$ cat upload01.csv   # CSV, C-alpha atoms
chain,number,residue,atom,x,y,z
H,18,MET,CA,77.1,-16.9,-11.2
H,19,LEU,CA,79.0,-14.0,-9.7
H,20,VAL,CA,77.2,-10.9,-8.3
H,21,VAL,CA,79.3,-7.8,-7.8
H,22,GLU,CA,77.4,-5.3,-5.6
H,23,ASP,CA,78.6,-3.0,-2.8
H,24,ASP,CA,75.2,-2.5,-1.3
H,25,ALA,CA,75.1,-5.4,1.1
H,26,ASP,CA,71.3,-5.6,1.4
H,27,LEU,CA,70.8,-5.5,-2.4
H,28,GLY,CA,73.6,-7.9,-3.0
H,29,TYR,CA,72.1,-10.5,-0.6
H,30,ALA,CA,68.7,-10.0,-2.1
H,31,VAL,CA,69.9,-10.6,-5.6
H,32,ALA,CA,72.0,-13.6,-4.6
H,33,ALA,CA,69.1,-15.1,-2.7
H,34,ALA,CA,66.8,-14.7,-5.7
H,35,LEU,CA,69.2,-16.3,-8.0
H,36,ARG,CA,69.9,-19.2,-5.6
H,37,GLY,CA,66.1,-19.6,-5.3
H,38,ALA,CA,66.2,-20.3,-9.1
H,39,GLY,CA,68.6,-23.1,-8.6
H,40,LEU,CA,71.8,-21.2,-9.4
H,41,ALA,CA,75.1,-21.3,-7.6
H,42,VAL,CA,76.0,-17.7,-6.6
H,43,ASP,CA,79.1,-16.0,-5.3
H,44,LEU,CA,78.8,-12.5,-3.9
H,45,VAL,CA,81.6,-9.9,-3.7
H,46,GLY,CA,81.5,-6.1,-3.1
H,47,ASP,CA,84.2,-4.5,-5.3
H,48,ILE,CA,86.2,-4.8,-8.5
H,49,PRO,CA,89.4,-6.3,-7.0
H,50,ALA,CA,87.4,-9.1,-5.4
H,51,ALA,CA,85.6,-9.6,-8.6
H,52,ASP,CA,88.8,-9.8,-10.6
H,53,GLU,CA,90.2,-12.4,-8.2
H,54,ALA,CA,86.9,-14.4,-8.4
H,55,VAL,CA,86.8,-14.5,-12.3
H,56,LEU,CA,90.4,-15.6,-12.4
H,57,VAL,CA,89.6,-18.6,-10.2
H,58,SER,CA,86.1,-19.7,-11.3
H,59,PRO,CA,84.6,-20.1,-14.8
H,60,TYR,CA,81.3,-18.3,-14.2
H,61,ALA,CA,78.4,-18.6,-16.6
H,62,CYS,CA,77.4,-15.0,-16.0
H,63,VAL,CA,78.5,-12.0,-13.9
H,64,VAL,CA,76.1,-9.3,-12.6
H,65,PHE,CA,77.9,-6.0,-12.0
H,66,ASP,CA,76.7,-2.9,-10.2
H,67,ARG,CA,77.9,0.0,-12.4
H,68,MET,CA,79.3,2.3,-9.7
H,69,LEU,CA,81.5,0.6,-7.2
H,70,PRO,CA,83.8,2.0,-4.5
H,71,SER,CA,86.7,0.9,-6.7
H,72,GLY,CA,85.4,2.5,-9.9
H,73,ASP,CA,83.0,2.1,-12.8
H,74,SER,CA,82.7,-1.6,-13.6
H,75,VAL,CA,82.1,-0.7,-17.2
H,76,ASP,CA,85.8,0.2,-17.4
H,77,TYR,CA,86.8,-3.1,-15.8
H,78,VAL,CA,84.7,-5.2,-18.2
H,79,ALA,CA,86.0,-3.3,-21.2
H,80,ALA,CA,89.6,-4.0,-20.1
H,81,ARG,CA,88.8,-7.7,-19.6
H,82,ARG,CA,87.1,-7.9,-23.0
H,83,ARG,CA,90.2,-6.6,-24.7
H,84,GLY,CA,92.0,-9.6,-23.1
H,85,GLY,CA,89.6,-12.0,-24.6
H,86,TRP,CA,87.3,-12.6,-21.6
H,87,ALA,CA,83.9,-13.7,-23.0
H,88,THR,CA,81.7,-14.4,-19.9
H,89,PRO,CA,78.3,-12.7,-20.3
H,90,VAL,CA,77.8,-9.6,-18.2
H,91,LEU,CA,74.7,-7.9,-16.9
H,92,PHE,CA,75.0,-4.4,-15.5
H,93,LEU,CA,72.8,-3.1,-12.7
H,94,THR,CA,72.6,0.6,-12.4
H,95,ALA,CA,70.6,3.7,-11.4
H,96,ARG,CA,72.0,5.5,-14.4
H,97,ASP,CA,69.1,5.2,-16.9
H,98,SER,CA,70.0,7.6,-19.8
H,99,VAL,CA,70.3,6.3,-23.3
H,100,ALA,CA,74.0,7.3,-23.3
H,101,ASP,CA,74.7,5.2,-20.2
H,102,ARG,CA,72.9,2.2,-21.6
H,103,VAL,CA,74.8,2.5,-24.9
H,104,ALA,CA,78.1,2.8,-23.1
H,105,GLY,CA,77.4,-0.3,-21.2
H,106,PHE,CA,76.9,-2.3,-24.4
H,107,GLU,CA,79.8,-0.7,-26.2
H,108,HIS,CA,82.1,-1.6,-23.4
H,109,GLY,CA,81.3,-5.3,-23.3
H,110,GLY,CA,78.0,-5.6,-21.5
H,111,ASP,CA,75.5,-8.2,-22.7
H,112,ASP,CA,72.5,-6.8,-20.8
H,113,TYR,CA,71.6,-3.7,-18.8
H,114,LEU,CA,69.0,-3.4,-16.0
H,115,VAL,CA,68.0,-0.1,-14.4
H,116,LYS,CA,67.3,0.1,-10.7
H,117,PRO,CA,64.8,-0.3,-9.3
H,118,PHE,CA,64.1,-3.5,-11.1
H,119,ALA,CA,61.7,-6.5,-10.7
H,120,VAL,CA,63.6,-9.5,-9.2
H,121,ALA,CA,61.8,-11.9,-11.5
H,122,GLU,CA,63.0,-10.0,-14.6
H,123,LEU,CA,66.6,-10.1,-13.2
H,124,VAL,CA,66.4,-13.8,-12.7
H,125,ALA,CA,65.0,-14.4,-16.2
H,126,ARG,CA,67.8,-12.3,-17.8
H,127,VAL,CA,70.5,-14.0,-15.8
H,128,LEU,CA,69.2,-17.5,-16.7
H,129,SER,CA,69.1,-16.5,-20.4
H,130,LEU,CA,72.7,-15.2,-20.3
H,131,GLY,CA,74.0,-18.2,-18.3
H,132,ARG,CA,72.4,-20.7,-20.6
H,133,ARG,CA,74.0,-19.0,-23.6
H,134,SER,CA,77.4,-19.1,-21.9
H,135,LEU,CA,77.2,-22.8,-21.1
H,136,THR,CA,76.2,-23.8,-24.6
H,137,THR,CA,79.0,-25.1,-26.7
H,138,GLY,CA,78.6,-25.9,-30.4
H,139,PRO,CA,75.0,-25.8,-31.7
H,140,PRO,CA,72.4,-24.1,-29.4
H,141,ALA,CA,71.1,-26.3,-26.7
H,142,ALA,CA,67.7,-27.8,-27.4
H,143,PRO,CA,64.9,-26.2,-25.3
H,144,VAL,CA,63.6,-29.7,-24.5
H,145,LEU,CA,66.0,-32.3,-23.4
H,146,ARG,CA,65.0,-36.0,-23.8
H,147,VAL,CA,66.8,-38.9,-22.2
H,148,VAL,CA,65.0,-42.3,-22.6
H,149,ASP,CA,61.4,-41.5,-21.4
H,150,LEU,CA,62.5,-38.4,-19.5
H,151,GLU,CA,61.6,-35.0,-20.9
H,152,ILE,CA,63.1,-31.7,-19.5
H,153,ASP,CA,61.4,-28.5,-20.8
H,154,VAL,CA,64.2,-26.0,-20.0
H,155,PRO,CA,62.3,-22.7,-20.8
H,156,ARG,CA,59.3,-23.8,-18.8
H,157,ARG,CA,61.4,-25.6,-16.1
H,158,GLN,CA,59.2,-28.6,-16.3
H,159,VAL,CA,60.1,-32.3,-16.1
H,160,ARG,CA,58.1,-35.3,-17.2
H,161,ARG,CA,58.8,-39.0,-16.9
H,162,GLY,CA,56.7,-41.2,-19.1
H,163,GLY,CA,54.5,-38.2,-19.7
H,164,VAL,CA,53.8,-37.6,-16.0
H,165,LEU,CA,54.7,-34.1,-14.7
H,166,LEU,CA,57.1,-34.2,-11.8
H,167,THR,CA,57.6,-31.6,-9.0
H,168,LEU,CA,61.3,-30.8,-8.5
H,169,THR,CA,63.0,-28.1,-6.4
H,170,ALA,CA,65.1,-25.5,-8.2
H,171,LYS,CA,68.3,-27.3,-7.1
H,172,GLU,CA,67.0,-30.7,-8.3
H,173,PHE,CA,66.1,-29.2,-11.7
H,174,ALA,CA,69.6,-27.6,-12.0
H,175,VAL,CA,71.4,-30.9,-11.3
H,176,LEU,CA,69.1,-32.9,-13.6
H,177,GLU,CA,69.5,-30.3,-16.4
H,178,LEU,CA,73.3,-30.5,-16.1
H,179,LEU,CA,73.2,-34.3,-16.2
H,180,ALA,CA,70.8,-34.2,-19.2
H,181,ASN,CA,73.1,-31.9,-21.1
H,182,HIS,CA,75.8,-34.5,-20.7
H,183,ALA,CA,73.6,-37.6,-21.0
H,184,GLY,CA,75.6,-40.8,-21.4
H,185,GLU,CA,78.7,-39.1,-19.9
H,186,VAL,CA,80.0,-39.3,-16.4
H,187,VAL,CA,79.6,-36.0,-14.5
H,188,SER,CA,81.8,-35.7,-11.5
H,189,ARG,CA,80.6,-34.6,-8.1
H,190,THR,CA,83.1,-31.7,-8.3
H,191,THR,CA,81.5,-30.5,-11.6
H,192,LEU,CA,78.0,-30.7,-10.1
H,193,ILE,CA,79.1,-28.7,-7.1
H,194,GLU,CA,80.9,-26.1,-9.2
H,195,HIS,CA,77.8,-25.5,-11.5
H,196,CYS,CA,74.9,-26.1,-9.1
H,197,TRP,CA,76.2,-24.9,-5.7
H,198,ASP,CA,78.0,-21.7,-4.6
H,199,ALA,CA,81.5,-21.3,-3.1
H,200,MET,CA,80.2,-22.0,0.4
H,201,ALA,CA,79.5,-25.6,-0.5
H,202,GLU,CA,82.0,-28.1,0.9
H,203,PRO,CA,83.4,-30.3,-1.9
H,204,MET,CA,83.8,-33.3,0.4
H,205,SER,CA,80.3,-33.1,1.8
H,206,ASN,CA,77.5,-35.4,0.8
H,207,VAL,CA,75.2,-32.7,-0.6
H,208,VAL,CA,75.3,-34.1,-4.1
H,209,ASP,CA,74.7,-37.7,-3.0
H,210,VAL,CA,71.7,-36.6,-0.9
H,211,LEU,CA,70.2,-34.6,-3.8
H,212,VAL,CA,70.7,-37.4,-6.3
H,213,ARG,CA,68.9,-39.8,-3.9
H,214,GLN,CA,66.0,-37.4,-3.8
H,215,LEU,CA,66.0,-37.1,-7.6
H,216,ARG,CA,66.1,-40.9,-8.0
H,217,ARG,CA,63.1,-41.2,-5.8
H,218,LYS,CA,61.1,-38.6,-7.7
H,219,LEU,CA,62.1,-40.0,-11.1
H,220,GLY,CA,61.0,-43.5,-10.1
H,221,GLY,CA,62.0,-46.7,-12.0
H,222,PRO,CA,63.6,-48.0,-14.0
H,223,GLN,CA,66.6,-46.0,-12.7
H,224,LEU,CA,68.1,-43.4,-14.9
H,225,ILE,CA,70.8,-41.8,-12.7
H,226,HIS,CA,73.7,-44.3,-12.3
H,227,THR,CA,76.6,-44.0,-9.9
H,228,VAL,CA,80.0,-44.6,-11.5
H,229,ARG,CA,82.1,-45.5,-8.5
H,230,GLY,CA,84.9,-43.1,-7.9
H,231,ALA,CA,84.0,-40.9,-10.8
H,232,GLY,CA,80.5,-39.4,-10.5
H,233,TYR,CA,77.0,-39.9,-12.0
H,234,LEU,CA,75.7,-40.7,-15.4
H,235,LEU,CA,72.2,-40.0,-16.7
H,236,GLY,CA,70.8,-42.5,-19.2
H,237,GLN,CA,70.0,-46.2,-19.5
H,238,ASP,CA,72.4,-48.5,-17.8
H,239,PRO,CA,74.2,-50.3,-20.7
H,240,ALA,CA,74.2,-53.5,-18.6
H,241,GLU,CA,70.4,-53.5,-18.5
H,242,PRO,CA,68.1,-54.5,-21.4
H,243,ALA,CA,66.5,-51.7,-23.4
H,244,TYR,CA,63.0,-50.6,-22.4
H,245,GLY,CA,60.4,-48.0,-23.3

$ encode --input "upload01.csv" --output "structure tokens"
Amino acid sequence: MLVVEDDADLGYAVAAALRGAGLAVDLVGDIPAADEAVLVSPYACVVFDRMLPSGDSVDYVAARRRGGWATPVLFLTARDSVADRVAGFEHGGDDYLVKPFAVAELVARVLSLGRRSLTTGPPAAPVLRVVDLEIDVPRRQVRRGGVLLTLTAKEFAVLELLANHAGEVVSRTTLIEHCWDAMAEPMSNVVDVLVRQLRRKLGGPQLIHTVRGAGYLLGQDPAEPAYG
């Protein structure tokens, strides 16, 4: 996710809340920095403050939309008139939240927009199932063999991404890009450490397999006999 907010305190608060929900978040303070960021990273959602030192972000989004940019956008603003809200939607916004706002509502709206963005083809199932693993995405609950597991927000984010690509190899780079922010070091062992934690919590038989030199695969190891 990308947050574009010139109020440093509010920007840090919004980014912290989104990271607490397991999202990878980049934070910038003006339109030029946002433009550079969206050209480099395929964000699932961008949260724009309306009035920035470099102009009204509605105008920037409208121009990007004319060029085919489709990333979901949520506008944050103190401007609460009907005309302002309508303008936000007409110029390419997908959602509009008036300040002051409840952080929990912001997180819920961003999660919804981000999930929509990452879906390709038919809508993603609200409950993902891999062997005897069940991931209830809306409720953010995970069960293995019917037993409810306690995962951190980051563990849930990684497991959800692996489950959406069950049976496929997901690289460490992909996991970092989608589940960590720009401050994460690609060559660090953060992914390996988190996967070890997930394996411990999921228990056996093992469901997350290491594909040497490539990444991780969620599902039954084809070399092992079927079970369950």

$ residues_around --input "upload01.csv" --residues "Val212 (chain H)" --least-positions-apart "2" --cutoff "10 Å" --atoms "all atoms listed in the file" --output "compact mmCIF listing (two decimals) with C-alpha atoms, keeping the file's coordinate frame"
# COMPACT_ATOMS: atom_id res chain seq x y z
CA GLU H 172 67.00 -30.70 -8.30
CA VAL H 175 71.40 -30.90 -11.30
CA LEU H 176 69.10 -32.90 -13.60
CA VAL H 207 75.20 -32.70 -0.60
CA VAL H 208 75.30 -34.10 -4.10
CA ASP H 209 74.70 -37.70 -3.00
CA VAL H 210 71.70 -36.60 -0.90
CA GLN H 214 66.00 -37.40 -3.80
CA LEU H 215 66.00 -37.10 -7.60
CA ARG H 216 66.10 -40.90 -8.00
CA ARG H 217 63.10 -41.20 -5.80
CA LYS H 218 61.10 -38.60 -7.70
CA ILE H 225 70.80 -41.80 -12.70
CA HIS H 226 73.70 -44.30 -12.30
CA THR H 227 76.60 -44.00 -9.90
CA TYR H 233 77.00 -39.90 -12.00

$ atom_distance --input "upload01.csv" --atom1 "CA of Arg126 (chain H)" --atom2 "CA of Tyr60 (chain H)"
15.2 Å

$ atom_distance --input "upload01.csv" --atom1 "CA of Ala41 (chain H)" --atom2 "CA of Cys196 (chain H)"
5.0 Å

$ axis_aligned_box --input "upload01.csv" --around "region 147-164 of chain H" --padding-each-side "8 Å" --output "AutoDock Vina command-line options"
--center_x 60.3 --center_y -32.5 --center_z -19.3 --size_x 29.0 --size_y 35.6 --size_z 22.6

$ closest_residue --input "upload01.csv" --among "H:Val187, H:Ile193, H:Leu145, H:Ile48" --to "Gly72 (chain H)" --atoms "all atoms listed in the file"
H:Ile48

$ residues_around --input "upload01.csv" --residues "Ser188 (chain H)" --least-positions-apart "6" --cutoff "10 Å" --atoms "all atoms listed in the file" --output "PyMOL selection string"
chain H and resi 179+194+208+227-228+230-234

$ atom_distance --input "upload01.csv" --atom1 "CA of Gly46 (chain H)" --atom2 "CA of Gly109 (chain H)"
20.2 Å

$ residues_near_point --input "upload01.csv" --point "(68.5, 0.9, -12.6)" --cutoff "6 Å" --atoms "all atoms listed in the file" --output "compact mmCIF listing (two decimals) with C-alpha atoms, in the coordinates of the input"
# COMPACT_ATOMS: atom_id res chain seq x y z
CA LEU H 93 72.80 -3.10 -12.70
CA THR H 94 72.60 0.60 -12.40
CA ALA H 95 70.60 3.70 -11.40
CA LEU H 114 69.00 -3.40 -16.00
CA VAL H 115 68.00 -0.10 -14.40
CA LYS H 116 67.30 0.10 -10.70
CA PRO H 117 64.80 -0.30 -9.30

$ residues_around --input "upload01.csv" --residues "Ala170 (chain H)" --least-positions-apart "2" --cutoff "6 Å" --atoms "all atoms listed in the file" --output "list in words"
Ala38, Gly39, Glu172 and Phe173 of chain H

$ closest_residue --input "upload01.csv" --among "H:Glu22, H:Cys62, H:Phe92, H:Ala33" --to "Val45 (chain H)" --atoms "only C-alpha atoms"
H:Glu22

$ closest_residue --input "upload01.csv" --among "H:Arg146, H:Arg160, H:Arg102, H:Arg96" --to "His182 (chain H)" --atoms "all atoms listed in the file"
H:Arg146

$ residues_around --input "upload01.csv" --residues "Tyr113 (chain H)" --least-positions-apart "2" --cutoff "12 Å" --atoms "only C-alpha atoms" --output "number ranges by chain"
H: 63-67, 75, 89-99, 101-111, 115-116, 118, 122-123, 126-127, 130
